[in-house]
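Text of data36.cif, listed as mmCIF, C-alpha atoms and all ligand atoms:
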data_input
#
loop_
_atom_site.label_atom_id
_atom_site.label_comp_id
_atom_site.auth_asym_id
_atom_site.auth_seq_id
_atom_site.Cartn_x
_atom_site.Cartn_y
_atom_site.Cartn_z
CA MET E 1 10.81 -23.08 19.39
CA ALA E 2 8.10 -23.31 16.75
CA GLY E 3 6.20 -20.95 14.46
CA PRO E 4 7.15 -18.56 11.70
CA VAL E 5 8.77 -15.89 13.87
CA HIS E 6 11.07 -18.42 15.46
CA ASP E 7 11.69 -20.02 12.09
CA ALA E 8 12.81 -16.64 10.73
CA LEU E 9 15.06 -16.05 13.74
CA ARG E 10 16.56 -19.51 13.52
CA ARG E 11 17.56 -18.96 9.94
CA GLY E 12 18.99 -15.58 10.76
CA ARG E 13 16.61 -13.79 8.40
CA ARG E 14 16.49 -10.12 9.23
CA VAL E 15 13.47 -8.26 7.94
CA ILE E 16 13.65 -4.46 7.82
CA LEU E 17 10.68 -2.47 6.58
CA HIS E 18 10.96 1.23 5.72
CA TYR E 19 7.39 2.41 6.04
CA ALA E 20 5.28 5.51 6.56
CA ALA E 21 2.20 6.17 8.65
CA GLY E 22 -0.64 7.21 6.32
CA SER E 23 0.79 5.09 3.48
CA PRO E 24 -1.67 2.40 2.37
CA HIS E 25 1.06 0.42 0.62
CA SER E 26 3.10 0.37 3.84
CA ALA E 27 0.06 -0.66 5.86
CA ALA E 28 -0.56 -3.60 3.52
CA VAL E 29 2.94 -5.00 4.07
CA ARG E 30 2.71 -4.46 7.81
CA ILE E 31 -0.64 -6.29 7.92
CA ALA E 32 0.84 -9.16 5.90
CA LEU E 33 3.80 -9.39 8.29
CA ALA E 34 1.46 -9.46 11.28
CA GLU E 35 -0.84 -12.07 9.70
CA LYS E 36 2.18 -14.25 9.03
CA GLY E 37 3.72 -13.66 12.46
CA VAL E 38 6.99 -12.49 10.92
CA ALA E 39 8.89 -10.01 13.09
CA ALA E 40 10.30 -6.97 11.27
CA GLU E 41 12.45 -4.06 12.31
CA GLU E 42 10.41 -1.03 11.25
CA ARG E 43 12.03 2.23 10.16
CA ARG E 44 9.66 5.13 9.82
CA VAL E 45 9.95 7.55 6.92
CA ASP E 46 8.13 10.85 7.39
CA LEU E 47 6.28 11.52 4.12
CA ALA E 48 4.84 14.79 5.45
CA ARG E 49 8.43 16.08 5.65
CA PHE E 50 9.35 14.54 2.26
CA ALA E 51 11.99 12.31 3.88
CA GLN E 52 11.40 9.79 1.04
CA HIS E 53 13.21 12.16 -1.35
CA GLU E 54 16.30 12.59 0.84
CA PRO E 55 19.56 11.25 -0.63
CA GLN E 56 20.03 8.66 2.13
CA PHE E 57 16.62 7.10 1.38
CA LEU E 58 17.14 7.23 -2.39
CA ALA E 59 20.51 5.52 -1.80
CA LEU E 60 18.60 2.35 -0.90
CA GLY E 61 17.96 2.09 -4.65
CA THR E 62 14.33 3.17 -4.54
CA SER E 63 12.45 5.70 -6.63
CA GLY E 64 11.65 7.70 -3.52
CA GLN E 65 8.65 5.74 -2.27
CA VAL E 66 7.75 3.59 0.69
CA PRO E 67 7.53 0.79 1.56
CA VAL E 68 11.00 -0.65 1.04
CA LEU E 69 11.76 -4.13 2.29
CA GLU E 70 15.21 -5.40 3.22
CA HIS E 71 15.07 -9.15 3.55
CA ASP E 72 17.97 -11.59 3.63
CA GLY E 73 20.17 -8.68 2.57
CA GLN E 74 18.05 -7.98 -0.53
CA ILE E 75 16.07 -4.83 -1.25
CA THR E 76 12.58 -5.28 -2.69
CA VAL E 77 10.46 -2.35 -3.86
CA GLY E 78 6.76 -2.57 -4.67
CA SER E 79 4.47 -3.61 -1.83
CA PHE E 80 2.84 -6.50 -3.63
CA ALA E 81 6.20 -7.94 -4.71
CA GLN E 82 7.33 -7.56 -1.10
CA MET E 83 4.31 -9.47 0.18
CA LEU E 84 4.81 -12.26 -2.36
CA ALA E 85 8.50 -12.50 -1.42
CA LEU E 86 7.66 -12.71 2.29
CA ASP E 87 4.95 -15.27 1.59
CA GLU E 88 7.43 -17.45 -0.25
CA ALA E 89 10.19 -17.05 2.32
CA HIS E 90 7.92 -17.66 5.31
CA PRO E 91 5.36 -20.20 4.11
CA ALA E 92 4.08 -21.48 7.49
CA ILE E 93 1.06 -19.17 7.22
CA ALA E 94 0.50 -18.88 3.48
CA LEU E 95 -1.50 -15.93 2.12
CA GLY E 96 -0.88 -16.26 -1.61
CA GLY E 97 -3.54 -18.93 -2.18
CA ASP E 98 -3.27 -22.18 -4.15
CA GLU E 99 -4.09 -22.29 -7.87
CA PRO E 100 -6.51 -21.13 -9.26
CA VAL E 101 -6.92 -18.63 -6.40
CA ARG E 102 -3.21 -17.76 -6.64
CA ALA E 103 -3.71 -16.26 -10.12
CA GLN E 104 -6.68 -14.21 -8.87
CA VAL E 105 -4.62 -12.93 -5.94
CA ARG E 106 -1.97 -11.66 -8.36
CA GLU E 107 -4.62 -10.03 -10.55
CA TRP E 108 -5.98 -8.17 -7.53
CA GLY E 109 -2.47 -7.04 -6.63
CA ALA E 110 -2.03 -5.57 -10.13
CA PHE E 111 -5.54 -4.08 -9.99
CA VAL E 112 -4.77 -2.18 -6.78
CA ASP E 113 -1.58 -0.71 -8.23
CA ARG E 114 -3.10 0.19 -11.61
CA GLU E 115 -6.77 0.99 -10.97
CA ILE E 116 -6.78 2.28 -7.40
CA ALA E 117 -3.51 3.63 -5.99
CA PRO E 118 -2.61 6.24 -8.67
CA HIS E 119 -6.14 7.67 -8.69
CA LEU E 120 -6.46 7.66 -4.92
CA ALA E 121 -3.30 9.76 -4.63
CA ILE E 122 -4.80 12.45 -6.89
CA VAL E 123 -8.19 12.53 -5.17
CA ARG E 124 -6.50 12.62 -1.76
CA TRP E 125 -4.16 15.42 -2.79
CA GLN E 126 -7.11 17.49 -3.93
CA ALA E 127 -9.34 16.66 -0.93
CA LEU E 128 -6.57 17.48 1.55
CA SER E 129 -5.40 20.58 -0.35
CA GLY E 130 -1.91 19.13 -0.78
CA ARG E 131 0.95 21.62 -1.07
CA VAL E 132 4.65 21.22 -1.83
CA PRO E 133 6.70 23.45 0.48
CA ALA E 134 9.69 25.28 -1.00
CA SER E 135 11.96 23.11 1.16
CA ALA E 136 10.80 20.00 -0.78
CA LEU E 137 11.45 21.29 -4.32
CA ALA E 138 15.10 20.18 -4.44
CA GLY E 139 14.10 16.65 -3.44
CA ILE E 140 11.61 16.41 -6.30
CA GLU E 141 14.35 17.24 -8.78
CA ARG E 142 16.35 14.24 -7.48
CA LEU E 143 13.64 11.76 -8.52
CA PRO E 144 13.50 9.56 -11.63
CA PRO E 145 11.64 11.38 -14.49
CA ALA E 146 8.18 9.81 -14.11
CA ARG E 147 8.05 10.49 -10.38
CA ARG E 148 9.55 13.96 -10.76
CA ASP E 149 6.92 14.89 -13.38
CA LEU E 150 4.07 13.64 -11.22
CA TRP E 151 5.31 15.66 -8.25
CA ARG E 152 5.73 18.76 -10.44
CA GLU E 153 2.12 18.33 -11.56
CA ALA E 154 1.00 17.94 -7.94
CA ALA E 155 2.93 21.07 -6.97
CA ALA E 156 1.18 23.03 -9.74
CA GLY E 157 -2.21 21.51 -8.77
CA PHE E 158 -4.09 18.82 -10.67
CA SER E 159 -6.67 20.02 -13.17
CA VAL E 160 -10.37 19.67 -12.37
CA GLU E 161 -10.69 17.14 -15.22
CA ARG E 162 -7.81 15.02 -13.91
CA VAL E 163 -9.34 14.89 -10.42
CA ALA E 164 -12.78 14.06 -11.83
CA ARG E 165 -11.34 11.22 -13.95
CA ALA E 166 -9.48 9.85 -10.91
CA ALA E 167 -12.65 9.95 -8.79
CA GLN E 168 -14.60 8.13 -11.51
CA ALA E 169 -11.91 5.47 -11.78
CA LEU E 170 -12.11 4.94 -8.01
CA LEU E 171 -15.88 4.60 -8.09
CA ALA E 172 -15.55 1.97 -10.83
CA ALA E 173 -12.86 0.13 -8.85
CA GLY E 174 -15.04 0.22 -5.73
CA LYS E 175 -17.92 -1.29 -7.73
CA ARG E 176 -15.68 -4.09 -9.01
CA ILE E 177 -14.56 -4.87 -5.46
CA GLY E 178 -18.18 -4.77 -4.29
CA ALA E 179 -19.22 -7.19 -7.04
CA ALA E 180 -16.48 -9.65 -6.01
CA LEU E 181 -17.51 -9.40 -2.36
CA GLU E 182 -21.12 -10.16 -3.24
CA GLU E 183 -19.86 -13.57 -4.34
CA THR E 184 -17.44 -14.48 -1.54
CA GLU E 185 -16.51 -13.16 1.88
CA TRP E 186 -12.95 -12.42 0.76
CA LEU E 187 -11.72 -11.04 -2.54
CA ALA E 188 -10.11 -14.21 -3.86
CA GLY E 189 -11.81 -17.35 -2.58
CA ALA E 190 -13.04 -18.38 0.83
CA GLU E 191 -10.07 -17.25 2.92
CA LEU E 192 -8.23 -14.00 3.57
CA THR E 193 -5.38 -13.62 1.08
CA LEU E 194 -2.88 -11.00 -0.02
CA ALA E 195 -5.63 -9.71 -2.33
CA ASP E 196 -7.64 -8.44 0.66
CA ILE E 197 -4.51 -7.18 2.41
CA ALA E 198 -3.33 -5.25 -0.66
CA ALA E 199 -6.71 -3.62 -1.30
CA TYR E 200 -7.90 -2.94 2.24
CA PRO E 201 -5.76 0.07 3.31
CA HIS E 202 -6.70 1.90 0.10
CA ILE E 203 -10.43 1.20 0.23
CA ALA E 204 -10.47 2.02 3.95
CA GLN E 205 -9.76 5.64 2.92
CA PHE E 206 -12.77 5.89 0.59
CA PRO E 207 -15.37 6.97 3.17
CA ALA E 208 -13.12 9.75 4.55
CA LEU E 209 -12.65 11.06 1.00
CA GLY E 210 -16.40 11.08 0.28
CA LEU E 211 -16.20 8.06 -2.04
CA PRO E 212 -19.24 5.86 -1.41
CA VAL E 213 -18.88 2.11 -0.92
CA ASP E 214 -21.67 -0.43 -1.11
CA HIS E 215 -22.96 -2.78 1.56
CA ALA E 216 -20.69 -5.72 0.72
CA VAL E 217 -17.62 -3.48 0.84
CA THR E 218 -18.67 -1.98 4.19
CA GLY E 219 -19.00 -5.47 5.68
CA TRP E 220 -15.56 -6.45 4.36
CA LEU E 221 -14.00 -3.22 5.72
CA GLU E 222 -15.48 -4.05 9.12
CA ARG E 223 -14.21 -7.63 8.99
CA MET E 224 -10.74 -6.42 8.08
CA ALA E 225 -10.71 -3.68 10.75
CA GLU E 226 -11.40 -6.27 13.46
CA ARG E 227 -8.48 -8.52 12.58
CA PRO E 228 -5.72 -8.54 15.20
CA SER E 229 -3.25 -7.71 12.41
CA VAL E 230 -5.15 -4.53 11.53
CA ARG E 231 -6.32 -3.25 14.93
CA PRO E 232 -2.94 -1.82 16.03
CA LEU E 233 -2.60 -0.03 12.67
CA ARG E 234 -6.05 1.52 12.45
CA GLU E 235 -4.81 4.94 13.53
CA GLN E 236 -2.20 4.90 10.75
CA LEU E 237 -4.67 4.35 7.93
CA PHE E 238 -5.57 8.05 7.68
CA PRO E 239 -5.41 9.75 4.27
CA LEU E 240 -2.20 11.73 3.79
CA ALA E 241 -1.49 14.17 0.95
CA THR E 242 1.27 12.39 -0.95
CA MET E 243 1.71 10.74 -4.32
CA GLY E 244 1.11 7.12 -5.35
CA PRO E 245 2.39 5.09 -8.31
CA ALA E 246 3.09 7.28 -11.37
N1 LIG F 301 4.05 0.57 -6.44
C1 LIG F 301 4.47 1.02 -5.13
C2 LIG F 301 3.77 2.30 -4.78
C3 LIG F 301 4.22 2.85 -3.45
C4 LIG F 301 3.60 4.20 -3.14
O1 LIG F 301 2.78 4.72 -3.90
N2 LIG F 301 4.03 4.77 -1.99
C5 LIG F 301 3.55 6.07 -1.59
C6 LIG F 301 2.90 5.98 -0.22
S1 LIG F 301 1.55 4.85 -0.21
C7 LIG F 301 4.74 7.01 -1.44
O2 LIG F 301 5.81 6.60 -1.02
N3 LIG F 301 4.52 8.30 -1.75
C8 LIG F 301 5.53 9.28 -1.63
C9 LIG F 301 6.05 9.78 -2.96
O3 LIG F 301 5.57 9.33 -4.00
O4 LIG F 301 6.94 10.63 -2.92
C10 LIG F 301 4.18 -0.06 -4.10
O5 LIG F 301 3.33 -0.93 -4.34
O6 LIG F 301 4.83 -0.08 -3.06
#
As structure tokens, what does this structure read like?
Ligand SMILES: N[C@@H](CCC(=O)N[C@@H](CS)C(=O)NCC(=O)O)C(=O)O
Amino acid sequence: MAGPVHDALRRGRRVILHYAAGSPHSAAVRIALAEKGVAAEERRVDLARFAQHEPQFLALGTSGQVPVLEHDGQITVGSFAQMLALDEAHPAIALGGDEPVRAQVREWGAFVDREIAPHLAIVRWQALSGRVPASALAGIERLPPARRDLWREAAAGFSVERVARAAQALLAAGKRIGAALEETEWLAGAELTLADIAAYPHIAQFPALGLPVDHAVTGWLERMAERPSVRPLREQLFPLATMGPA
């Protein structure tokens, strides 16, 4: 037996991913697993029914968000940290890049979580007329303070100014991604890396939310969409009204 999947099986490494359809962070980890050929047991969490706030999910030690990775008996939260951990544990197909690309890959990972994901959640919530049903209110009160406050704000409705600021931040982030893709085919260097995988599921939602992307970004979205790792997930990349990082 050869190859990363067999390597993982031989070492008895069990990978469990708690994920949600319509969650860009989940999609990124699933794409990384597929690119690396690492088999994972997938457990679906229904965000539309607020299953991420149920006590049994919170008992995993999370702050009520997907994805959650169980790997070698350890729980990792944070999709980029999960992808780095998988990349280290299953190095046969490496996606983290060698220095100096490695540092750029990490910067893109932080960029997605800081400059894209929180703003995308707000714009999506507004565009999809997100609502918190009465049945979900108790779950929100179970969350850590920062997440609870964000959900309370979502339930009350984000102000026009807050949505406008989020949309502007996304346009700026899209421009920065476009500028990088004018230089190289992939975000960090000449090959696909975790930088592309982390950013792609978020940027793929821009057109559906009326956020324009430039020519270089469109070409990159098309290249990503054609990858065998992405094709089976395309139908799960739809925008869903839920929150992102606080
Ligand atoms: N920093 C986290 C963010 C994860 C995140 O924002 N997850 C969203 C879906 S993409 C979620 O679980 N939303 C539900 C909620 O916040 O209750 C990561 O990188 O995994």
Show me, as a PDB file with C-alpha atoms, in the coordinates of the input, the residues that have an atom within 9 Å of Leu143 (chain E) when counting all atoms listed in the file, minus same-chain residues fewer than 6 positions from it.
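New file around.pdb:
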ATOM      1  CA  HIS E  53      13.210  12.160  -1.350  1.00  0.00           C
ATOM      2  CA  LEU E  58      17.140   7.230  -2.390  1.00  0.00           C
ATOM      3  CA  SER E  63      12.450   5.700  -6.630  1.00  0.00           C
ATOM      4  CA  GLY E  64      11.650   7.700  -3.520  1.00  0.00           C
ATOM      5  CA  ASP E 149       6.920  14.890 -13.380  1.00  0.00           C
TER       6      ASP E 149
END
How many Å lie between CA of Gly97 (chain E) and CA of Trp186 (chain E), rounded to one decimal? 11.8 Å
Please return as a short mmCIF file (atom, residue, chain, number, x, y, z; two decimals) with C-alpha atoms, in the frame of the given file the residues found within 6 Å of ligand LIG 301 (chain F), counting all atoms listed in the file.
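Contents of result.cif, freshly written:
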data_model
loop_
_atom_site.label_atom_id
_atom_site.label_comp_id
_atom_site.auth_asym_id
_atom_site.auth_seq_id
_atom_site.Cartn_x
_atom_site.Cartn_y
_atom_site.Cartn_z
CA SER E 23 0.79 5.09 3.48
CA PRO E 24 -1.67 2.40 2.37
CA HIS E 25 1.06 0.42 0.62
CA GLY E 64 11.65 7.70 -3.52
CA GLN E 65 8.65 5.74 -2.27
CA VAL E 66 7.75 3.59 0.69
CA PRO E 67 7.53 0.79 1.56
CA GLY E 78 6.76 -2.57 -4.67
CA SER E 79 4.47 -3.61 -1.83
CA PHE E 80 2.84 -6.50 -3.63
CA THR E 242 1.27 12.39 -0.95
CA MET E 243 1.71 10.74 -4.32
CA GLY E 244 1.11 7.12 -5.35
CA PRO E 245 2.39 5.09 -8.31
#
All residues 8 Å or closer to region 83-91 of chain E, all atoms listed in the file, same chain fewer than 2 positions away omitted, as a tab-separated table (two decimals) with C-alpha atoms, keeping the file's coordinate frame:
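Resulting contents of around23.tsv:
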chain	number	residue	atom	x	y	z
E	4	PRO	CA	7.15	-18.56	11.70
E	8	ALA	CA	12.81	-16.64	10.73
E	29	VAL	CA	2.94	-5.00	4.07
E	32	ALA	CA	0.84	-9.16	5.90
E	33	LEU	CA	3.80	-9.39	8.29
E	36	LYS	CA	2.18	-14.25	9.03
E	38	VAL	CA	6.99	-12.49	10.92
E	79	SER	CA	4.47	-3.61	-1.83
E	80	PHE	CA	2.84	-6.50	-3.63
E	81	ALA	CA	6.20	-7.94	-4.71
E	93	ILE	CA	1.06	-19.17	7.22
E	94	ALA	CA	0.50	-18.88	3.48
E	95	LEU	CA	-1.50	-15.93	2.12
E	96	GLY	CA	-0.88	-16.26	-1.61
E	194	LEU	CA	-2.88	-11.00	-0.02
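Using only C-alpha atoms, the nearest neighbour of Arg131 (chain E) within the list E:Phe111, E:Trp151, E:Tyr200, E:Phe238 is E:Trp151.
With all atoms listed in the file as the atoms that count, the residue of E:Arg124, E:Lys175, E:Arg227, E:Arg165 with the shortest distance to Asp196 (chain E) is E:Arg227.
Atom pair CA of Ser26 (chain E) / CA of Ala39 (chain E): separated by 15.1 Å.
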Do you know which residues are at most 9 Å from Val68 (chain E) counting all atoms listed in the file, after dropping those on the same chain fewer than 6 positions away, and could you put them as a ChimeraX atom specification? /E:16-19,26,60,62,75-79,82
Could you give me, as an MDAnalysis selection string, the residues that sit within 12 Å of (-4.9, -8.6, -11.3) in the file's coordinates, counting all atoms listed in the file? chainID E and resid 80 101:116 176:177 187:188 194:195 198:199
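Coordinates place CA of His215 (chain E) at a distance of 28.7 Å from CA of Glu99 (chain E).
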Return the single residue from E:Leu47, E:Ala166, E:Ala216, E:Ala134 that is closest to Ala241 (chain E), with distances computed using all atoms listed in the file. E:Leu47
Counting all atoms listed in the file, what is within 12 Å of Leu209 (chain E), bar same-chain residues fewer than 4 positions away, as a PyMOL selection string? chain E and resi 120-128+167+170-171+202-205+213+238-241
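Within a radius of 10 Å around (19.5, -11.3, 4.1), the polymer residues are Arg11, Gly12, Arg13, Arg14, Val15, Ile16, Glu70, His71, Asp72, Gly73, Gln74 and Ile75 of chain E, counting all atoms listed in the file.
Of the residues listed (E:Gly130, E:Pro118, E:Gly139, E:Pro100), E:Gly139 shows the shortest atom-to-atom separation from Phe57 (chain E); distances use all atoms listed in the file.
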Which residue, E:Pro133, E:Leu237, E:Arg142, E:Glu226, has the smallest gap to Gln56 (chain E) when you use all atoms listed in the file? E:Arg142
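Nearest to Ala51 (chain E) of all the residues E:Ala27, E:Ala136, E:Ala34, E:Ala156 is E:Ala136, counting all atoms listed in the file.
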